[in-house]
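Asks: Supplied in structure tokens, the structure appears directly below.
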Amino acid sequence: MDRTTMTGTVVKVSGPLITASGMGSVHMYDVVRVGEKRLIGEIIELRSDIASIQVYEDTAGIGAGDPVYLTDMPLSAELGPGLIESIFDGIERPLDALYKIWGDRIERGVSVPSLDREKKWKFEPSAKIGEKVVSGDILGAVQETEAVRHYIMVPPGKSGTLTWLFDGEATVVDPIAKLVNDNGEEETLPMLQYWPVRRGRPVAKKLSPSEPMITGQRSIDTLFPIAKGGIAAVPGPFGSGKTVVQHQLAKGSDADLVIYIGCGERGNEMTDVLNEFPELVDPKTGLSLMKRTVLIANTSDMPVAAREASIYTGITIAEYFRDMGYKVAIIADSTSRWAEALREMSGRLEEMPGEEGYPAYLSSRLAEFYERAGFVKCLGSDGRYGAVSAIGAVSPPGGDTSEPVSQATLRIVKVFWGLSSELAYKRHFPAIDWLKSYSLYEAKMAEYYVKNISPDWPKLVASTKALLQEEADLNEIVQLVGIDALSPKDRLTLSAAQMIREDYLQQDAMDQTDSYTSPRKQYLMLSLIHAWHEMGKNALEVGVPFQKIESMKVCERIARMKYIEESEKEEVFASISDDCDKQFTEMVEEASADE
């Protein structure tokens, strides 16, 4: 709560950075209210009783001598029922609630609770009165949306013997449980929790990720997989499709929940997300995708300081749902805009600049964010497991990944999906460059695919990468001496690589069937292309001309296989495989007869 007395005085205003005196009693990252409009701000530097305040709203009209009020609280997220389907700004103010009050232009200094204090939720208790509960134990649940069951947990740092448990409808601030702690004191627990956004929520144990996050994107799942609890970066120049890739991950990934942060992106892109997500049908539940999504909208025209806070707000919400045992995907678009906000605030603080003007602590701040992802054993006595997978877009100026944000990110993440402007210009989407990208989870994830899809999976993936690399080498020869100088075997290799590029890796995000491909269908598609290549090599050895292999009718069916419905895949792929065998057998027999 705000104090009623003034404790500080504004002495300097520099855009979103305000300097105030008489602030000797505050702590780093405490929230304050500035001026008579009580603009929300956060302490980011302390020198004796002089504090530098990062203000999350427009500071026009603030001048020297204006009052500063304290709250004695760090910037914290409100956690509880009502998060799912909500749209927040960077400091977790509910934009839909603000719109109802203020319309398109939100007044400065407004204070609206992040979670609705009036709405009642049906709380269903699951704990037993008289039992000992510890941090993370589940007291009961609320069916927040048709897709998400919201578990109410004992907050971190709390434990004791349960003496009372509510059953029925309650608001987020109503008491739903009472416990007597180890000191014999009675504590009342509501559904609502607060947590400082800059501090990671505690876990019982952090573990090594062992299961892939299935995205439905063939180039990702096959060549550069990400683990549940993994961290990935999507760097690419303007127009290369970063946002579309992230939208596809949000729509198709098998994460239980998605936290999407529009961090400093263009307003029209965020509008597309806000319009599109409610209409999208979630393939997992058959419901609207919003039923398992939280959106944080912090567009480029919003105050720059709030952009810096937005990714911390997002990851705190992700950790909260992880603690319930959910697998959460957090998608930040883009960390470059976040880093620019960091650079602007650092410049106003007159800190010593690092490379390209970014603060010297850029790498450590990025690491703080990404390291909060992971696969964990949650707090609580039931031994549940949860995961936060973090995917950040990077927008290097001119597509130059040697710039500081890209390089700092690459030192931290384990998956690099490098987008290529050259592929994008050729209309090859997703424009993930298969020669530059990598995944350090690949070997570990292969174990899962061997067990659940096919023992041949690692061999298929290795053959695919080798084929694409061989194509790159052969193309250099073709550019020098022309394609006619290649042997029939090399030309067959180019044809097989072309099939992989155009018929497998290229994926239409706008096509209902092609936008998502299950791992099983991916395996069938890749097996078919490699089978065609192997049979083609055998056919060449017995004298079948390359032109005949190139013009086979089955090639048309292979080119259209991405549009085969998931429900028909086994039957149709068996038919194409039989067709392929039959046509090759006929050509080989014909060639043998000619001899």
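Simple scheme: letters A, B, ... for chains in structure tokens order, numbers from 1 for residues in each chain, numbers from 1 for ligands in the order shown.
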With only C-alpha atoms as the counted atoms, please give the residues lying no more than 9 Å from Ser208 (chain A), apart from itself and same-chain residues fewer than 5 positions off, as number ranges by chain.
Replies: A: 229, 374-376
Asks: Output C-alpha atoms for every residue in that selection, as a PDB file, in the first residue's frame.
Replies:
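Saved the output as result_11.pdb:
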```pdb
ATOM      1  CA  GLY A 229      12.663 -26.684 -20.117  1.00  0.00           C
ATOM      2  CA  GLY A 374      14.383 -25.168 -16.969  1.00  0.00           C
ATOM      3  CA  PHE A 375      12.916 -28.538 -16.100  1.00  0.00           C
ATOM      4  CA  VAL A 376      12.418 -28.770 -12.330  1.00  0.00           C
TER       5      VAL A 376
END
```
Asks: Excluding region 437-450 of chain A and residues on its chain fewer than 6 positions from it, collect all residues at most 10 Å away from it, counting only C-alpha atoms, and give them as a count of residues only.
Replies: 33
Asks: Residues of region 298-378 of chain A that have any atom at most 10 Å from an atom of region 384-392 of chain A: could you tabulate them with the shortest-distance atom pair and the distance in Å to one decimal, using only C-alpha atoms, ordered by chain and increasing number, as CSV?
Replies:
```
residue,atom,partner,partner_atom,distance
A:Ile315,CA,A:Val388,CA,8.4
A:Ala318,CA,A:Val388,CA,6.6
A:Glu319,CA,A:Val388,CA,6.8
A:Tyr320,CA,A:Val388,CA,9.9
A:Phe321,CA,A:Gly386,CA,8.2
A:Arg322,CA,A:Gly386,CA,4.8
A:Asp323,CA,A:Gly386,CA,6.2
A:Met324,CA,A:Gly386,CA,7.1
A:Gly325,CA,A:Gly386,CA,4.2
A:Tyr326,CA,A:Gly386,CA,5.0
A:Lys327,CA,A:Ala387,CA,4.6
A:Val328,CA,A:Val388,CA,4.8
A:Ala329,CA,A:Ser389,CA,4.7
A:Ile330,CA,A:Ala390,CA,5.0
A:Ile331,CA,A:Ile391,CA,4.9
A:Ala332,CA,A:Gly392,CA,4.7
A:Asp333,CA,A:Gly392,CA,6.2
A:Ser334,CA,A:Gly392,CA,6.2
A:Thr335,CA,A:Gly392,CA,6.1
A:Ser336,CA,A:Gly392,CA,9.1
A:Phe369,CA,A:Ala390,CA,8.8
A:Tyr370,CA,A:Ala390,CA,6.5
A:Glu371,CA,A:Ala390,CA,9.1
A:Arg372,CA,A:Val388,CA,7.8
A:Ala373,CA,A:Val388,CA,4.8
A:Gly374,CA,A:Val388,CA,5.3
A:Phe375,CA,A:Ala387,CA,4.2
A:Val376,CA,A:Gly386,CA,5.5
A:Lys377,CA,A:Tyr385,CA,4.5
A:Cys378,CA,A:Tyr385,CA,5.5
```
Asks: Go through A:Arg117, A:Lys489, A:Lys37, A:Lys562 and flag the residue nearest Gly536 (chain A), using only C-alpha atoms for the distances.
Replies: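 Counting only C-alpha atoms, the residue closest to Gly536 (chain A) is A:Lys489.
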Asks: Just want the 9 Å neighbourhood of Arg292 (chain A), counted on only C-alpha atoms, with same-chain residues fewer than 2 positions away dropped. Output as a ChimeraX atom specification.
Replies: /A:84-85,145-148,256-259,282,288-290,294
Asks: Mind dumping the selected residues with C-alpha atoms as a CSV table (one decimal), in the first residue's frame?
Replies:
```
chain,number,residue,atom,x,y,z
A,84,ILE,CA,-5.3,-17.0,-18.3
A,85,GLU,CA,-6.9,-15.2,-21.2
A,145,THR,CA,-10.8,-22.1,-18.2
A,146,GLU,CA,-12.0,-25.2,-19.9
A,147,ALA,CA,-8.3,-26.0,-20.7
A,148,VAL,CA,-6.5,-25.0,-17.5
A,256,ASP,CA,0.4,-26.8,-21.4
A,257,LEU,CA,0.4,-23.0,-21.3
A,258,VAL,CA,1.9,-20.2,-23.4
A,259,ILE,CA,3.1,-16.8,-22.1
A,282,ASP,CA,-6.0,-25.2,-30.1
A,288,SER,CA,-9.7,-21.2,-28.5
A,289,LEU,CA,-5.9,-20.9,-28.0
A,290,MET,CA,-6.5,-18.0,-25.6
A,294,VAL,CA,-1.4,-15.1,-21.2
```
Asks: So that I can check the surroundings of Glu45 (chain A), please list as number ranges by chain every protein, DNA and RNA residue that reaches within 7 Å of it, counting only C-alpha atoms and ignoring chain neighbours fewer than 3 positions away.
Replies: A: 28, 51-52
Asks: Print the selection's residues with all heavy atoms to a file, as a PDB file, in the first residue's frame.
Replies:
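Now in again_23.pdb:
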```pdb
ATOM      1  N   MET A  28      16.820  -1.091  -3.106  1.00  0.00           N
ATOM      2  CA  MET A  28      16.877  -1.308  -4.556  1.00  0.00           C
ATOM      3  C   MET A  28      15.635  -2.072  -5.022  1.00  0.00           C
ATOM      4  O   MET A  28      15.191  -3.020  -4.373  1.00  0.00           O
ATOM      5  CB  MET A  28      18.118  -2.110  -4.916  1.00  0.00           C
ATOM      6  CG  MET A  28      19.366  -1.249  -5.067  1.00  0.00           C
ATOM      7  SD  MET A  28      19.291  -0.160  -6.510  1.00  0.00           S
ATOM      8  CE  MET A  28      19.652  -1.308  -7.837  1.00  0.00           C
ATOM      9  N   ALA A  51      18.155   8.769  -4.940  1.00  0.00           N
ATOM     10  CA  ALA A  51      17.706   7.563  -5.644  1.00  0.00           C
ATOM     11  C   ALA A  51      17.381   7.893  -7.094  1.00  0.00           C
ATOM     12  O   ALA A  51      16.808   8.954  -7.385  1.00  0.00           O
ATOM     13  CB  ALA A  51      16.477   6.973  -4.965  1.00  0.00           C
ATOM     14  N   SER A  52      17.783   6.981  -8.002  1.00  0.00           N
ATOM     15  CA  SER A  52      17.364   7.080  -9.407  1.00  0.00           C
ATOM     16  C   SER A  52      16.145   6.187  -9.592  1.00  0.00           C
ATOM     17  O   SER A  52      16.155   5.014  -9.216  1.00  0.00           O
ATOM     18  CB  SER A  52      18.494   6.634 -10.339  1.00  0.00           C
ATOM     19  OG  SER A  52      19.605   7.495 -10.215  1.00  0.00           O
TER      20      SER A  52
END
```
Asks: Quick one: of A:Leu362, A:Ile296, A:Ile261, A:Met73, who's nearest to Arg33 (chain A), counting only C-alpha atoms?
Replies: A:Met73
Asks: Please, which residues of region 186-347 of chain A, numbered as in this document, come out strand (DSSP E) from DSSP, as a ChimeraX atom specification?
Replies: /A:186-190,193-196,205-207,231-235,257-263,293-298,327-333
Asks: Hey, what does DSSP flag as helix (DSSP H, G or I) within region 263-419 of chain A? Can you give it to me as an NGL selection string?
Replies: :A and (267-276 or 289-292 or 304-322 or 335-348 or 355-357 or 362-370 or 397-399 or 404-410)
Asks: From the set A:Thr401, A:Phe584, A:Leu460, A:Ala408, which residue has the shortest atom-to-atom contact distance to Ser363 (chain A), counting only C-alpha atoms?
Replies: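 Under the stated criterion, the closest residue is A:Ala408.
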Asks: Hey, which of A:Ile129, A:Val554, A:Ala141, A:Ala60 ends up closest to Thr163 (chain A)? Count only C-alpha atoms.
Replies: A:Ile129
Asks: Choose the residue, out of A:Glu118, A:Val481, A:Ser346, A:Lys521, that has the smallest atom-to-atom separation from Glu568 (chain A); count only C-alpha atoms.
Replies: A:Lys521
Asks: Looking at A:Thr585, A:Thr71, A:Thr285, A:Ser310, which one is nearest to Val32 (chain A), with distances taken over only C-alpha atoms?
Replies: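 Closest to Val32 (chain A) of all the choices is A:Thr71.
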